[in-house]
>>> print(open('coords.cif').read())   # mmCIF, N, CA and C atoms
data_data
loop_
_atom_site.label_atom_id
_atom_site.label_comp_id
_atom_site.auth_asym_id
_atom_site.auth_seq_id
_atom_site.Cartn_x
_atom_site.Cartn_y
_atom_site.Cartn_z
N PRO A 216 25.82 302.62 -105.94
CA PRO A 216 26.11 301.68 -107.01
C PRO A 216 27.49 301.07 -106.84
N VAL A 217 27.63 299.85 -107.30
CA VAL A 217 28.90 299.12 -107.21
C VAL A 217 29.70 299.36 -108.48
N SER A 218 30.96 299.65 -108.31
CA SER A 218 31.85 299.86 -109.44
C SER A 218 32.00 298.55 -110.22
N PRO A 219 32.05 298.61 -111.57
CA PRO A 219 32.20 297.38 -112.35
C PRO A 219 33.49 296.62 -112.06
N SER A 220 34.50 297.30 -111.55
CA SER A 220 35.76 296.61 -111.27
C SER A 220 35.74 295.87 -109.94
N VAL A 221 34.70 296.08 -109.13
CA VAL A 221 34.60 295.40 -107.84
C VAL A 221 33.69 294.21 -108.00
N SER A 222 34.23 293.03 -107.71
CA SER A 222 33.42 291.82 -107.81
C SER A 222 32.85 291.49 -106.44
N PRO A 223 31.67 290.84 -106.41
CA PRO A 223 31.08 290.48 -105.12
C PRO A 223 31.95 289.47 -104.41
N PRO A 224 31.84 289.40 -103.08
CA PRO A 224 32.66 288.45 -102.32
C PRO A 224 32.32 287.01 -102.69
N CYS A 225 33.31 286.15 -102.64
CA CYS A 225 33.13 284.74 -102.97
C CYS A 225 32.70 283.97 -101.74
N PRO A 226 31.97 282.86 -101.92
CA PRO A 226 31.63 282.02 -100.78
C PRO A 226 32.89 281.54 -100.08
N GLN A 227 32.75 281.24 -98.81
CA GLN A 227 33.88 280.80 -97.99
C GLN A 227 34.58 279.61 -98.63
N GLY A 228 35.88 279.74 -98.86
CA GLY A 228 36.66 278.63 -99.36
C GLY A 228 36.67 278.47 -100.87
N MET A 229 35.93 279.31 -101.59
CA MET A 229 35.89 279.17 -103.04
C MET A 229 36.66 280.30 -103.70
N ALA A 230 37.35 280.01 -104.76
CA ALA A 230 38.09 281.02 -105.51
C ALA A 230 37.15 281.76 -106.45
N LYS A 231 37.54 282.95 -106.88
CA LYS A 231 36.70 283.76 -107.74
C LYS A 231 36.44 283.10 -109.09
N ASN A 232 37.38 282.35 -109.61
CA ASN A 232 37.23 281.74 -110.93
C ASN A 232 36.59 280.35 -110.86
N GLY A 233 36.10 279.95 -109.71
CA GLY A 233 35.48 278.64 -109.54
C GLY A 233 36.45 277.53 -109.21
N ALA A 234 37.75 277.82 -109.27
CA ALA A 234 38.75 276.81 -108.91
C ALA A 234 38.79 276.68 -107.39
N GLU A 235 39.42 275.62 -106.93
CA GLU A 235 39.50 275.45 -105.49
C GLU A 235 40.45 276.47 -104.87
N ALA A 236 40.10 276.93 -103.71
CA ALA A 236 40.91 277.90 -102.99
C ALA A 236 41.58 277.20 -101.83
N GLU A 237 42.42 277.92 -101.15
CA GLU A 237 43.03 277.37 -99.94
C GLU A 237 41.94 277.15 -98.90
N ILE A 238 42.10 276.12 -98.10
CA ILE A 238 41.14 275.80 -97.05
C ILE A 238 41.46 276.67 -95.85
N ASP A 239 40.42 277.30 -95.29
CA ASP A 239 40.58 278.12 -94.09
C ASP A 239 40.78 277.17 -92.90
N GLU A 240 42.02 277.02 -92.48
CA GLU A 240 42.34 276.04 -91.44
C GLU A 240 41.77 276.43 -90.08
N GLY A 241 41.56 277.71 -89.84
CA GLY A 241 40.94 278.13 -88.59
C GLY A 241 39.47 277.75 -88.52
N LEU A 242 38.79 277.88 -89.65
CA LEU A 242 37.36 277.59 -89.71
C LEU A 242 37.08 276.09 -89.76
N TYR A 243 37.90 275.35 -90.50
CA TYR A 243 37.65 273.93 -90.72
C TYR A 243 38.67 273.03 -90.03
N SER A 244 39.25 273.47 -88.92
CA SER A 244 40.32 272.71 -88.27
C SER A 244 39.87 271.32 -87.82
N ARG A 245 38.67 271.19 -87.31
CA ARG A 245 38.20 269.88 -86.85
C ARG A 245 37.99 268.91 -88.00
N GLN A 246 37.38 269.40 -89.10
CA GLN A 246 37.18 268.55 -90.26
C GLN A 246 38.53 268.14 -90.86
N LEU A 247 39.48 269.07 -90.92
CA LEU A 247 40.80 268.76 -91.46
C LEU A 247 41.49 267.69 -90.64
N TYR A 248 41.34 267.76 -89.32
CA TYR A 248 41.98 266.78 -88.43
C TYR A 248 41.43 265.38 -88.70
N VAL A 249 40.12 265.28 -88.90
CA VAL A 249 39.49 263.98 -89.09
C VAL A 249 39.58 263.50 -90.55
N LEU A 250 39.28 264.40 -91.50
CA LEU A 250 39.17 263.99 -92.90
C LEU A 250 40.45 264.16 -93.70
N GLY A 251 41.24 265.18 -93.38
CA GLY A 251 42.44 265.48 -94.16
C GLY A 251 42.16 266.49 -95.26
N HIS A 252 43.23 267.00 -95.85
CA HIS A 252 43.12 268.07 -96.85
C HIS A 252 42.47 267.59 -98.15
N GLU A 253 42.78 266.37 -98.59
CA GLU A 253 42.21 265.90 -99.85
C GLU A 253 40.70 265.77 -99.78
N ALA A 254 40.19 265.23 -98.68
CA ALA A 254 38.74 265.08 -98.52
C ALA A 254 38.07 266.45 -98.42
N MET A 255 38.70 267.39 -97.75
CA MET A 255 38.13 268.73 -97.65
C MET A 255 38.11 269.42 -99.01
N LYS A 256 39.13 269.22 -99.82
CA LYS A 256 39.13 269.81 -101.16
C LYS A 256 38.01 269.21 -102.00
N ARG A 257 37.76 267.92 -101.84
CA ARG A 257 36.66 267.28 -102.56
C ARG A 257 35.32 267.80 -102.07
N MET A 258 35.20 268.03 -100.76
CA MET A 258 33.96 268.58 -100.22
C MET A 258 33.70 269.99 -100.76
N GLN A 259 34.75 270.79 -100.89
CA GLN A 259 34.60 272.16 -101.39
C GLN A 259 34.03 272.20 -102.79
N THR A 260 34.21 271.16 -103.55
CA THR A 260 33.74 271.14 -104.92
C THR A 260 32.50 270.28 -105.10
N SER A 261 31.92 269.77 -104.02
CA SER A 261 30.78 268.87 -104.09
C SER A 261 29.46 269.62 -104.11
N ASN A 262 28.55 269.17 -104.96
CA ASN A 262 27.17 269.64 -104.99
C ASN A 262 26.33 268.51 -104.40
N VAL A 263 25.48 268.82 -103.42
CA VAL A 263 24.76 267.79 -102.68
C VAL A 263 23.26 268.04 -102.79
N LEU A 264 22.49 266.96 -102.96
CA LEU A 264 21.03 267.00 -102.95
C LEU A 264 20.55 266.31 -101.69
N VAL A 265 19.73 266.99 -100.89
CA VAL A 265 19.10 266.38 -99.71
C VAL A 265 17.62 266.30 -100.02
N SER A 266 17.10 265.09 -100.09
CA SER A 266 15.69 264.88 -100.39
C SER A 266 14.98 264.39 -99.14
N GLY A 267 13.96 265.10 -98.74
CA GLY A 267 13.22 264.76 -97.52
C GLY A 267 13.71 265.62 -96.38
N LEU A 268 12.88 266.56 -95.95
CA LEU A 268 13.33 267.52 -94.94
C LEU A 268 12.57 267.37 -93.63
N ARG A 269 12.42 266.17 -93.20
CA ARG A 269 11.86 265.98 -91.87
C ARG A 269 12.98 266.26 -90.87
N GLY A 270 12.86 265.85 -89.66
CA GLY A 270 13.84 266.19 -88.63
C GLY A 270 15.27 265.82 -88.98
N LEU A 271 15.49 264.61 -89.47
CA LEU A 271 16.84 264.16 -89.79
C LEU A 271 17.38 264.87 -91.03
N GLY A 272 16.55 265.07 -92.05
CA GLY A 272 17.00 265.73 -93.27
C GLY A 272 17.46 267.16 -93.04
N VAL A 273 16.78 267.86 -92.16
CA VAL A 273 17.16 269.24 -91.85
C VAL A 273 18.51 269.26 -91.14
N GLU A 274 18.71 268.35 -90.23
CA GLU A 274 19.97 268.28 -89.49
C GLU A 274 21.12 267.91 -90.42
N VAL A 275 20.90 266.97 -91.32
CA VAL A 275 21.92 266.57 -92.28
C VAL A 275 22.28 267.75 -93.19
N ALA A 276 21.27 268.47 -93.68
CA ALA A 276 21.51 269.63 -94.55
C ALA A 276 22.32 270.70 -93.81
N LYS A 277 21.98 270.96 -92.56
CA LYS A 277 22.72 271.95 -91.77
C LYS A 277 24.18 271.54 -91.62
N ASN A 278 24.41 270.28 -91.31
CA ASN A 278 25.78 269.81 -91.11
C ASN A 278 26.58 269.82 -92.41
N LEU A 279 25.94 269.56 -93.53
CA LEU A 279 26.63 269.64 -94.82
C LEU A 279 27.06 271.07 -95.12
N VAL A 280 26.17 272.01 -94.87
CA VAL A 280 26.51 273.42 -95.11
C VAL A 280 27.65 273.85 -94.20
N LEU A 281 27.57 273.49 -92.93
CA LEU A 281 28.65 273.86 -92.01
C LEU A 281 29.95 273.13 -92.33
N GLY A 282 29.85 271.97 -92.97
CA GLY A 282 31.04 271.21 -93.33
C GLY A 282 31.81 271.79 -94.49
N GLY A 283 31.19 272.68 -95.26
CA GLY A 283 31.92 273.37 -96.31
C GLY A 283 31.71 272.86 -97.73
N VAL A 284 30.56 272.22 -98.01
CA VAL A 284 30.32 271.80 -99.39
C VAL A 284 30.03 273.01 -100.27
N LYS A 285 30.21 272.84 -101.57
CA LYS A 285 30.03 273.95 -102.52
C LYS A 285 28.57 274.41 -102.55
N SER A 286 27.64 273.47 -102.71
CA SER A 286 26.23 273.85 -102.75
C SER A 286 25.37 272.70 -102.22
N VAL A 287 24.21 273.08 -101.68
CA VAL A 287 23.24 272.11 -101.17
C VAL A 287 21.90 272.45 -101.80
N THR A 288 21.28 271.47 -102.44
CA THR A 288 19.94 271.63 -102.98
C THR A 288 18.98 270.85 -102.09
N LEU A 289 17.92 271.51 -101.67
CA LEU A 289 16.95 270.89 -100.76
C LEU A 289 15.70 270.50 -101.55
N HIS A 290 15.20 269.28 -101.31
CA HIS A 290 14.00 268.80 -101.98
C HIS A 290 13.12 268.12 -100.95
N ASP A 291 11.86 268.52 -100.92
CA ASP A 291 10.91 267.87 -100.03
C ASP A 291 9.59 267.73 -100.78
N PRO A 292 9.22 266.50 -101.14
CA PRO A 292 8.01 266.32 -101.94
C PRO A 292 6.72 266.54 -101.15
N ASP A 293 6.79 266.51 -99.83
CA ASP A 293 5.59 266.64 -99.01
C ASP A 293 5.35 268.10 -98.65
N PRO A 294 4.10 268.56 -98.70
CA PRO A 294 3.82 269.93 -98.25
C PRO A 294 4.02 270.05 -96.74
N ALA A 295 4.41 271.22 -96.30
CA ALA A 295 4.62 271.46 -94.86
C ALA A 295 3.28 271.43 -94.12
N THR A 296 3.30 270.81 -92.95
CA THR A 296 2.10 270.76 -92.10
C THR A 296 2.48 271.24 -90.70
N TRP A 297 1.45 271.44 -89.87
CA TRP A 297 1.70 271.90 -88.50
C TRP A 297 2.53 270.88 -87.72
N SER A 298 2.35 269.60 -87.99
CA SER A 298 3.08 268.58 -87.25
C SER A 298 4.59 268.63 -87.59
N ASP A 299 4.94 269.20 -88.73
CA ASP A 299 6.37 269.31 -89.09
C ASP A 299 7.12 270.27 -88.18
N LEU A 300 6.43 271.17 -87.54
CA LEU A 300 7.09 272.14 -86.66
C LEU A 300 7.75 271.45 -85.47
N ALA A 301 7.20 270.31 -85.05
CA ALA A 301 7.77 269.59 -83.90
C ALA A 301 8.61 268.40 -84.34
N SER A 302 8.83 268.24 -85.64
CA SER A 302 9.60 267.10 -86.15
C SER A 302 11.03 267.17 -85.66
N GLN A 303 11.50 266.06 -85.10
CA GLN A 303 12.88 266.03 -84.57
C GLN A 303 13.57 264.78 -85.00
#
>>> encode(input="coords.cif", output="structure tokens")
Amino acid sequence: PVSPSVSPPCPQGMAKNGAEAEIDEGLYSRQLYVLGHEAMKRMQTSNVLVSGLRGLGVEVAKNLVLGGVKSVTLHDPDPATWSDLASQ
């Protein structure tokens, strides 16, 4: 059992109270070089919806997650089919 005084770990880059935390410069060094600190802070607090998960949608969702956004919601109105396995 977990002690009540121990809180679960926070997602990368997020503070325990929901406020913005310091940016991990080792992890996000390339994004910081291109975007700067202000854009990265905005990304850390962004909630993103990706609608349509064909080949391009999946790649965009992956890159958003790796880029450090706060949360990503995935939506795909079409049921999965066998042809989706080869979608690129």
>>> residues_around(input="coords.cif", residues="A:Arg245", least_positions_apart="4", cutoff="12 Å", atoms="only C-alpha atoms", output="PyMOL selection string")
chain A and resi 239-241+249-252+255+281-283
>>> closest_residue(input="coords.cif", among="A:Ala301, A:Leu242, A:Ala236, A:Leu289", to="A:Gly267", atoms="all atoms listed in the file")
A:Leu289
>>> closest_residue(input="coords.cif", among="A:His290, A:Lys285, A:Asn278, A:Gln246", to="A:Leu264", atoms="all atoms listed in the file")
A:His290
>>> residues_near_point(input="coords.cif", point="(11.0, 264.7, -101.2)", cutoff="12 Å", atoms="only C-alpha atoms", output="PyMOL selection string")
chain A and resi 264-269+272+288-295
>>> atom_distance(input="coords.cif", atom1="atom C of A:Thr260", atom2="atom CA of A:Val284")
6.3 Å
>>> atom_distance(input="coords.cif", atom1="atom CA of A:Ser286", atom2="atom CA of A:Asn262")
4.9 Å
>>> atom_distance(input="coords.cif", atom1="atom N of A:Val280", atom2="atom CA of A:Asp299")
20.8 Å
>>> axis_aligned_box(input="coords.cif", around="stretch 282-294 of chain A", padding_each_side="8 Å", output="AutoDock Vina command-line options")
--center_x 17.9 --center_y 270.4 --center_z -98.0 --size_x 44.1 --size_y 24.1 --size_z 26.0
>>> closest_residue(input="coords.cif", among="A:Val263, A:Tyr243, A:Tyr248, A:Trp297", to="A:Ala276", atoms="only C-alpha atoms")
A:Val263
